[in-house]
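> Below you'll find structure_6.cif; it's mmCIF, C-alpha atoms and all ligand atoms.
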```cif
data_upload
loop_
_atom_site.label_atom_id
_atom_site.label_comp_id
_atom_site.auth_asym_id
_atom_site.auth_seq_id
_atom_site.Cartn_x
_atom_site.Cartn_y
_atom_site.Cartn_z
CA MET W 29 87.49 116.44 -133.88
CA SER W 30 89.24 117.28 -137.14
CA GLN W 31 90.18 114.52 -139.56
CA GLU W 32 93.83 114.88 -138.49
CA GLN W 33 92.93 114.56 -134.79
CA ASP W 34 90.73 111.58 -135.67
CA LYS W 35 93.67 109.79 -137.30
CA ILE W 36 95.96 110.48 -134.35
CA PHE W 37 93.30 109.31 -131.94
CA PHE W 38 92.80 106.02 -133.78
CA ARG W 39 96.53 105.43 -134.17
CA ASN W 40 97.02 105.90 -130.42
CA PHE W 41 93.98 103.79 -129.72
CA SER W 42 95.27 100.88 -131.80
CA LEU W 43 98.67 101.20 -130.14
CA VAL W 44 96.98 100.85 -126.75
CA LEU W 45 95.09 97.77 -127.99
CA ALA W 46 98.27 96.22 -129.33
CA PHE W 47 99.98 96.91 -126.01
CA ILE W 48 97.16 95.19 -124.10
CA ALA W 49 97.34 92.18 -126.40
CA VAL W 50 101.10 91.86 -125.91
CA MET W 51 100.66 92.10 -122.12
CA MET W 52 98.00 89.39 -122.18
CA ILE W 53 100.14 87.02 -124.22
CA THR W 54 103.12 87.65 -121.93
CA PHE W 55 100.98 86.97 -118.87
CA TYR W 56 99.61 83.77 -120.40
CA LEU W 57 103.06 82.46 -121.28
CA THR W 58 104.57 83.20 -117.85
CA ALA W 59 101.57 81.71 -116.03
CA ASP W 60 101.94 78.57 -118.12
CA LEU W 61 105.66 78.38 -117.42
CA ILE W 62 105.11 78.76 -113.68
CA THR W 63 102.38 76.07 -113.46
CA GLY W 64 104.38 73.81 -115.76
CA LYS W 65 107.37 74.11 -113.43
CA LYS W 66 105.26 73.51 -110.33
CA GLU W 67 103.89 70.27 -111.77
CA HIS W 68 107.38 69.11 -112.57
CA HIS W 69 108.48 69.39 -108.93
CA GLU W 70 105.47 67.85 -107.21
CA THR W 71 105.82 64.15 -106.55
CA ASN W 72 102.12 63.27 -106.11
CA LYS W 73 101.36 63.99 -109.71
CA ARG W 74 100.86 60.96 -111.92
CA GLU W 75 100.07 60.55 -115.57
CA ILE W 76 96.66 59.06 -116.23
CA THR W 77 94.90 57.70 -119.26
CA SER W 78 92.17 60.24 -119.42
CA ASN W 79 89.33 61.19 -121.71
CA SER W 80 89.84 64.84 -120.92
CA ASN W 81 92.56 67.32 -121.72
CA ILE W 82 93.90 66.96 -118.18
CA THR W 83 96.32 64.06 -118.19
CA SER W 84 97.65 64.10 -114.66
CA GLY W 85 96.07 63.78 -111.24
CA ASP W 86 97.10 64.48 -107.68
CA LEU W 87 96.78 61.47 -105.36
CA VAL W 88 96.85 63.55 -102.16
CA ASN W 89 94.08 65.89 -103.31
CA GLY W 90 92.15 62.83 -104.52
CA LYS W 91 92.40 61.23 -101.10
CA ASN W 92 91.24 64.44 -99.37
CA LEU W 93 88.26 64.80 -101.69
CA SER W 94 87.34 61.12 -101.28
CA GLN W 95 86.44 61.67 -97.63
CA THR W 96 82.98 62.86 -98.66
CA CYS W 97 82.52 59.73 -100.78
CA ALA W 98 83.59 57.32 -98.03
CA VAL W 99 80.21 57.16 -96.29
CA CYS W 100 78.78 55.32 -99.30
CA HIS W 101 81.74 54.01 -101.31
CA GLY W 102 84.05 53.12 -98.38
CA ALA W 103 87.28 54.91 -97.42
CA ASP W 104 89.29 52.75 -99.84
CA GLY W 105 86.57 52.55 -102.50
CA ASN W 106 85.25 49.17 -101.34
CA SER W 107 81.63 49.92 -100.47
CA ALA W 108 79.94 47.77 -97.84
CA ASN W 109 76.39 48.14 -99.18
CA PRO W 110 75.98 46.05 -102.38
CA ILE W 111 73.84 48.65 -104.14
CA TRP W 112 76.66 51.21 -103.92
CA PRO W 113 79.36 50.47 -106.49
CA LYS W 114 82.93 49.64 -105.54
CA LEU W 115 85.26 52.24 -107.05
CA ALA W 116 88.53 50.60 -105.88
CA GLY W 117 90.74 49.61 -108.80
CA GLN W 118 88.42 51.21 -111.37
CA HIS W 119 90.15 52.96 -114.29
CA ALA W 120 90.49 56.72 -113.72
CA SER W 121 89.29 57.35 -117.30
CA TYR W 122 85.98 55.57 -116.58
CA THR W 123 85.46 57.19 -113.16
CA VAL W 124 86.10 60.63 -114.66
CA LYS W 125 83.62 59.96 -117.49
CA GLN W 126 80.92 58.95 -114.98
CA LEU W 127 81.53 61.98 -112.77
CA LYS W 128 81.30 64.25 -115.82
CA ASN W 129 78.08 62.49 -116.88
CA PHE W 130 76.52 62.89 -113.42
CA LYS W 131 77.45 66.58 -113.49
CA ASN W 132 76.09 67.31 -116.99
CA GLY W 133 72.96 65.22 -116.42
CA GLU W 134 73.76 62.48 -118.95
CA ARG W 135 73.64 59.97 -116.08
CA VAL W 136 70.95 60.61 -113.49
CA ASN W 137 71.11 59.60 -109.83
CA ALA W 138 69.77 61.72 -106.98
CA GLN W 139 72.51 60.72 -104.56
CA MET W 140 75.34 61.36 -107.01
CA SER W 141 74.17 64.60 -108.62
CA GLY W 142 74.61 66.49 -105.35
CA MET W 143 78.07 64.98 -104.87
CA VAL W 144 79.53 66.19 -108.17
CA ALA W 145 78.05 69.70 -108.34
CA ALA W 146 81.13 71.37 -106.82
CA LEU W 147 83.80 69.17 -108.45
CA SER W 148 86.12 70.68 -111.08
CA LEU W 149 87.54 68.60 -113.91
CA GLN W 150 90.88 68.50 -112.07
CA ASP W 151 89.11 67.26 -108.88
CA MET W 152 87.50 64.49 -110.93
CA ASN W 153 90.88 63.43 -112.29
CA ASP W 154 92.39 63.46 -108.79
CA LEU W 155 89.51 61.33 -107.45
CA GLY W 156 89.76 58.97 -110.42
CA LEU W 157 93.46 58.49 -109.85
CA TYR W 158 92.97 57.94 -106.10
CA PHE W 159 90.36 55.20 -106.60
CA GLU W 160 92.34 53.56 -109.43
CA ASN W 161 95.19 53.13 -106.94
CA GLN W 162 93.05 51.41 -104.27
CA LYS W 163 92.89 47.61 -104.06
CA ASN W 164 89.58 45.97 -104.85
CA ASN W 165 88.66 43.43 -102.15
CA PHE W 166 86.86 41.25 -104.75
CA GLY W 167 84.24 38.63 -103.89
CA SER W 168 82.85 35.26 -104.90
CA ALA W 169 80.01 33.89 -107.01
CA LYS W 170 77.25 31.47 -105.93
CA SER W 171 78.13 28.13 -107.50
CA GLU W 172 74.69 27.66 -109.09
CA SER W 173 75.16 30.85 -111.17
CA ILE W 174 78.63 30.11 -112.51
CA ASP W 175 77.63 27.94 -115.49
CA ILE W 176 75.10 30.31 -117.06
CA GLY W 177 77.06 33.40 -115.99
CA GLN W 178 80.30 32.14 -117.46
CA LYS W 179 78.65 31.09 -120.71
CA ILE W 180 77.27 34.60 -121.32
CA TYR W 181 80.36 36.36 -120.10
CA ARG W 182 82.75 34.37 -122.30
CA GLY W 183 80.57 33.47 -125.28
CA GLY W 184 77.47 35.66 -125.23
CA ASP W 185 74.24 34.17 -126.58
CA SER W 186 74.24 33.60 -130.33
CA GLU W 187 70.51 32.78 -130.39
CA THR W 188 69.45 36.17 -129.07
CA GLY W 189 72.46 38.10 -130.36
CA ILE W 190 74.10 38.95 -127.03
CA ALA W 191 77.79 39.85 -127.50
CA ALA W 192 80.33 38.20 -125.21
CA CYS W 193 81.10 40.55 -122.34
CA MET W 194 84.70 39.37 -122.44
CA ALA W 195 85.22 41.00 -125.84
CA CYS W 196 85.24 44.44 -124.23
CA HIS W 197 85.53 43.89 -120.48
CA GLY W 198 88.38 41.38 -120.83
CA PRO W 199 88.68 37.70 -119.86
CA ALA W 200 89.24 38.58 -116.20
CA GLY W 201 86.92 41.62 -116.15
CA SER W 202 89.74 44.20 -116.12
CA GLY W 203 88.21 46.39 -118.84
CA ASN W 204 90.28 48.74 -120.98
CA PRO W 205 91.26 52.21 -119.75
CA GLY W 206 92.09 53.61 -123.19
CA ALA W 207 88.72 52.63 -124.67
CA ILE W 208 86.96 53.58 -121.39
CA TYR W 209 85.57 50.06 -120.90
CA PRO W 210 85.07 49.74 -117.13
CA SER W 211 86.68 47.12 -114.99
CA LEU W 212 83.91 44.82 -113.70
CA SER W 213 85.81 42.21 -111.65
CA GLY W 214 84.69 41.94 -108.04
CA GLN W 215 81.81 44.41 -108.43
CA HIS W 216 78.78 43.75 -106.19
CA THR W 217 76.18 41.46 -107.82
CA ASP W 218 73.31 43.77 -106.80
CA TYR W 219 74.90 46.91 -108.28
CA THR W 220 75.79 45.19 -111.58
CA ALA W 221 72.28 43.74 -111.91
CA ILE W 222 70.71 47.16 -111.25
CA GLN W 223 72.88 48.76 -113.97
CA LEU W 224 72.06 46.04 -116.52
CA LYS W 225 68.35 46.44 -115.82
CA MET W 226 68.65 50.22 -116.17
CA PHE W 227 70.48 49.81 -119.50
CA LYS W 228 67.74 47.37 -120.56
CA THR W 229 64.94 49.87 -119.93
CA GLY W 230 67.02 52.81 -121.13
CA GLU W 231 66.84 54.53 -117.74
CA ARG W 232 70.66 54.62 -117.89
CA ASN W 233 71.61 55.91 -121.32
CA ASN W 234 75.06 57.46 -121.00
CA ASP W 235 76.73 54.57 -122.89
CA THR W 236 78.24 55.90 -126.11
CA ASN W 237 76.52 54.49 -129.24
CA SER W 238 74.05 52.57 -127.01
CA VAL W 239 76.67 49.84 -126.69
CA MET W 240 75.34 48.51 -123.36
CA ARG W 241 71.66 49.27 -124.01
CA SER W 242 71.68 47.17 -127.18
CA ILE W 243 73.21 44.23 -125.28
CA ALA W 244 71.12 44.47 -122.09
CA LYS W 245 67.79 44.74 -123.91
CA ARG W 246 68.35 41.20 -125.27
CA MET W 247 69.08 39.72 -121.85
CA THR W 248 66.53 37.91 -119.68
CA GLU W 249 66.27 38.65 -115.96
CA ALA W 250 67.77 35.23 -115.25
CA GLN W 251 70.75 35.93 -117.51
CA ILE W 252 71.27 39.32 -115.83
CA GLU W 253 71.26 37.75 -112.36
CA ALA W 254 73.65 34.95 -113.38
CA VAL W 255 76.20 37.12 -115.18
CA SER W 256 76.15 39.69 -112.35
CA GLU W 257 76.88 36.94 -109.85
CA TYR W 258 79.66 35.58 -112.09
CA ILE W 259 81.22 39.09 -112.35
CA GLN W 260 81.33 39.43 -108.54
CA GLY W 261 83.53 36.33 -108.48
CA LEU W 262 85.84 37.46 -111.30
CA GLN W 263 89.41 38.36 -110.33
CA PRO W 264 92.32 39.44 -112.49
CA ARG W 265 94.93 36.68 -112.46
C1 LIG I 301 74.96 59.05 -100.37
C2 LIG I 301 75.74 58.00 -100.99
C3 LIG I 301 76.82 58.40 -101.99
C4 LIG I 301 77.87 59.29 -101.80
C5 LIG I 301 78.19 60.12 -100.57
C6 LIG I 301 78.66 59.24 -103.02
N1 LIG I 301 78.10 58.35 -103.89
FE1 LIG I 301 78.87 57.82 -105.70
N2 LIG I 301 77.27 56.58 -106.03
C7 LIG I 301 76.22 56.38 -105.17
C8 LIG I 301 75.23 55.54 -105.80
C9 LIG I 301 73.91 55.09 -105.19
C10 LIG I 301 75.73 55.22 -107.09
C11 LIG I 301 75.04 54.36 -108.17
C12 LIG I 301 74.23 55.27 -109.04
C13 LIG I 301 73.42 54.52 -110.06
O1 LIG I 301 72.79 53.51 -109.74
O2 LIG I 301 73.44 54.93 -111.23
C14 LIG I 301 77.01 55.89 -107.20
C15 LIG I 301 77.82 55.82 -108.32
C16 LIG I 301 79.07 56.42 -108.43
C17 LIG I 301 79.96 56.26 -109.56
C18 LIG I 301 79.71 55.40 -110.78
C19 LIG I 301 80.43 54.08 -110.58
C20 LIG I 301 80.32 53.12 -111.73
O3 LIG I 301 80.87 52.02 -111.58
O4 LIG I 301 79.72 53.44 -112.75
C21 LIG I 301 81.07 56.99 -109.29
C22 LIG I 301 82.30 57.14 -110.16
C23 LIG I 301 80.88 57.61 -107.99
N3 LIG I 301 79.66 57.23 -107.49
C24 LIG I 301 81.81 58.43 -107.39
C25 LIG I 301 81.58 59.12 -106.19
C26 LIG I 301 82.49 60.11 -105.66
C27 LIG I 301 83.80 60.50 -106.30
C28 LIG I 301 81.92 60.56 -104.50
C29 LIG I 301 82.46 61.63 -103.58
C30 LIG I 301 82.80 62.90 -104.17
C31 LIG I 301 80.66 59.85 -104.33
N4 LIG I 301 80.49 58.99 -105.37
C32 LIG I 301 79.80 60.00 -103.24
C33 LIG I 301 76.12 56.88 -103.89
C34 LIG I 301 76.98 57.82 -103.33
C1 LIG I 302 81.31 46.33 -127.33
C2 LIG I 302 81.88 46.50 -126.03
C3 LIG I 302 81.09 45.97 -124.83
C4 LIG I 302 80.55 44.71 -124.65
C5 LIG I 302 80.56 43.54 -125.63
C6 LIG I 302 79.99 44.70 -123.33
N1 LIG I 302 80.18 45.92 -122.72
FE1 LIG I 302 79.58 46.46 -120.85
N2 LIG I 302 80.24 48.34 -121.15
C7 LIG I 302 80.86 48.80 -122.29
C8 LIG I 302 81.11 50.21 -122.16
C9 LIG I 302 81.78 51.12 -123.19
C10 LIG I 302 80.62 50.60 -120.89
C11 LIG I 302 80.66 52.00 -120.27
C12 LIG I 302 79.40 52.78 -120.54
C13 LIG I 302 79.53 54.20 -120.01
O1 LIG I 302 80.36 54.92 -120.54
O2 LIG I 302 78.83 54.56 -119.08
C14 LIG I 302 80.09 49.39 -120.28
C15 LIG I 302 79.50 49.36 -119.01
C16 LIG I 302 79.05 48.22 -118.41
C17 LIG I 302 78.52 48.16 -117.06
C18 LIG I 302 78.41 49.30 -116.08
C19 LIG I 302 79.56 49.24 -115.12
C20 LIG I 302 79.45 50.17 -113.97
O3 LIG I 302 80.39 50.17 -113.15
O4 LIG I 302 78.45 50.88 -113.84
C21 LIG I 302 78.18 46.85 -116.83
C22 LIG I 302 77.60 46.27 -115.55
C23 LIG I 302 78.50 46.10 -118.03
N3 LIG I 302 79.03 46.96 -118.98
C24 LIG I 302 78.29 44.74 -118.15
C25 LIG I 302 78.44 44.04 -119.35
C26 LIG I 302 78.01 42.68 -119.54
C27 LIG I 302 77.41 41.80 -118.46
C28 LIG I 302 78.29 42.36 -120.86
C29 LIG I 302 77.99 41.05 -121.56
C30 LIG I 302 76.62 40.56 -121.51
C31 LIG I 302 78.90 43.53 -121.46
N4 LIG I 302 78.96 44.54 -120.52
C32 LIG I 302 79.34 43.61 -122.77
C33 LIG I 302 81.21 48.04 -123.38
C34 LIG I 302 80.84 46.72 -123.61
#
```
Could you rewrite the structure in this file as structure tokens?


Amino acid sequence: MSQEQDKIFFRNFSLVLAFIAVMMITFYLTADLITGKKEHHETNKREITSNSNITSGDLVNGKNLSQTCAVCHGADGNSANPIWPKLAGQHASYTVKQLKNFKNGERVNAQMSGMVAALSLQDMNDLGLYFENQKNNFGSAKSESIDIGQKIYRGGDSETGIAACMACHGPAGSGNPGAIYPSLSGQHTDYTAIQLKMFKTGERNNDTNSVMRSIAKRMTEAQIEAVSEYIQGLQPR
């Protein structure tokens, strides 16, 4: 090629590149417009407080996906077996965080890791929204555990430096969706106790800034049992 041909070739080549770029941008913008419009017309879509860039979920898709979860967590998110957590009424933001953690290995559980492998971020949001909209069937606490349980839950233990659970999980155990503090009210005693023991040993370590590990490691087994029992009996007023 002569220098002149070279120049022409590169000019044409850059024109082609510019054309491709313009086409890509146009495609992107139209695709966005179309999906944006679709969302606007669908009635199942709801806004959720989410820790991801997806801020809406689809209740119908969530319900469909939840069929595979029902065998352990119950069709409405109220599990029958006390070692399987209730998901009913849990904040979508917290459920989504846990599902993401199971998928990326930050929280390890053999039963759950298989369940999340095929879920997209949108699926997780849809599931989170579905379970948030189910009613927790709550429970009760054994009377002999209420005194110790309530003392720790509401006031912590100043001698051993245990923070009051209420400070983050709320006076009635409702948590805080924006801060991703889970709702605890009505959760099975056995499941809660297992989680506190796993935070204590560090086997569960997906809590940001070790917030739960640093609390649980100061708790005695007796305190764990009592506060877990108390939590099962907590109900939002
Ligand atoms: C074979 C039983 C089983 C199935 C099916 C199952 N799970 Fe789980 N799930 C568990 C167990 C066991 C745990 C507790 C894990 C642990 O101890 O850390 C759990 C924990 C969870 C948690 C954490 C709850 C919390 O309070 O931290 C979420 C969220 C969850 N599962 C969602 C789902 C979803 C969504 C599905 C369906 C796509 C599903 N699970 C299917 C057994 C199951
Ligand atoms: C400073 C805030 C804070 C305090 C105080 C606190 N928690 Fe938590 N707790 C959290 C956060 C944040 C998480 C979620 C961790 C994660 O992202 O997995 C959590 C998670 C939990 C879980 C796991 C719930 C589930 O569904 O798996 C239990 C159980 C729990 N806390 C019990 C307690 C108890 C009992 C106390 C009091 C002794 C307490 N927490 C005090 C912030 C707090």

> Kindly give the distance, in Å, that separates atom N3 of ligand LIG 301 (chain I) and CA of Tyr219 (chain W), rounded to a single decimal.

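Here the two named atoms are 11.4 Å from each other.
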
> What are the closest atom pairs, with distances in Å to one decimal, for each residue of chain W lying within 6 Å of ligand LIG 301 (chain I), using only C-alpha atoms and all ligand atoms, rows by chain and rising residue number, as a tab-separated table?


```
residue	atom	partner	partner_atom	distance
W:Ser94	CA	I:LIG301	C29	5.4
W:Thr96	CA	I:LIG301	C29	5.1
W:Cys97	CA	I:LIG301	C29	3.4
W:Val99	CA	I:LIG301	C5	5.6
W:Cys100	CA	I:LIG301	C2	4.4
W:Trp112	CA	I:LIG301	C9	4.9
W:Pro113	CA	I:LIG301	O3	5.5
W:Thr123	CA	I:LIG301	C22	4.4
W:Gln126	CA	I:LIG301	C22	5.3
W:Leu127	CA	I:LIG301	C22	5.6
W:Asn137	CA	I:LIG301	C12	5.4
W:Gln139	CA	I:LIG301	C1	5.1
W:Met140	CA	I:LIG301	N1	5.1
W:Met143	CA	I:LIG301	C30	5.2
W:Leu155	CA	I:LIG301	C27	5.9
```

> Go through the chains and note each residue within 7 Å of ligand LIG 302 (chain I), using all atoms listed in the file, then give the set as a ChimeraX atom specification.

/W:113,122,125-126,180-181,184,190-197,208-210,212,220-221,223-224,234-236,239-240,243-244,255-256

> Using only C-alpha atoms, collect all residues at a distance of at most 12 Å from (89.3, 37.9, -117.1) as written in the file, then present them as a PyMOL selection string.

chain W and resi 178+181-182+193-204+211-214+258-265

> Could you tell me how far CA of Thr229 (chain W) sits from CA of Lys170 (chain W), in Å to one decimal place?

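CA of Thr229 (chain W) lies 26.2 Å from CA of Lys170 (chain W).
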
> Provide the CA of Glu75 (chain W) to CA of Asn153 (chain W) distance in Å, to one decimal place.

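A separation of 10.2 Å between them.
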
> Any idea what's packed within 9 Å of Glu231 (chain W), counting only C-alpha atoms, ignoring anything in its chain fewer than 5 positions away? Could you give it as a PyMOL selection string?

chain W and resi 135-136+225-226

> Give me a file of those residues, with C-alpha atoms, as an mmCIF file, in the frame of the given file.


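Saved result, part_9.cif, follows:
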```
data_model
loop_
_atom_site.group_PDB
_atom_site.id
_atom_site.type_symbol
_atom_site.label_atom_id
_atom_site.label_comp_id
_atom_site.auth_asym_id
_atom_site.auth_seq_id
_atom_site.Cartn_x
_atom_site.Cartn_y
_atom_site.Cartn_z
ATOM 1 C CA ARG W 135 73.640 59.970 -116.080
ATOM 2 C CA VAL W 136 70.950 60.610 -113.490
ATOM 3 C CA LYS W 225 68.350 46.440 -115.820
ATOM 4 C CA MET W 226 68.650 50.220 -116.170
#
```

> Which residue, W:Gly142, W:Ser148, W:Met247, W:Ala103, has the smallest gap to Ser186 (chain W) when you use all atoms listed in the file?

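Result for the nearest residue to Ser186 (chain W): W:Met247.
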
> Would you list the residues near (87.5, 68.7, -100.9), meaning any protein, DNA or RNA residue with an atom at most 12 Å from that point in file coordinates, counting only C-alpha atoms, as number ranges by chain?

W: 88-97, 143-144, 146-148, 150-152, 154-155
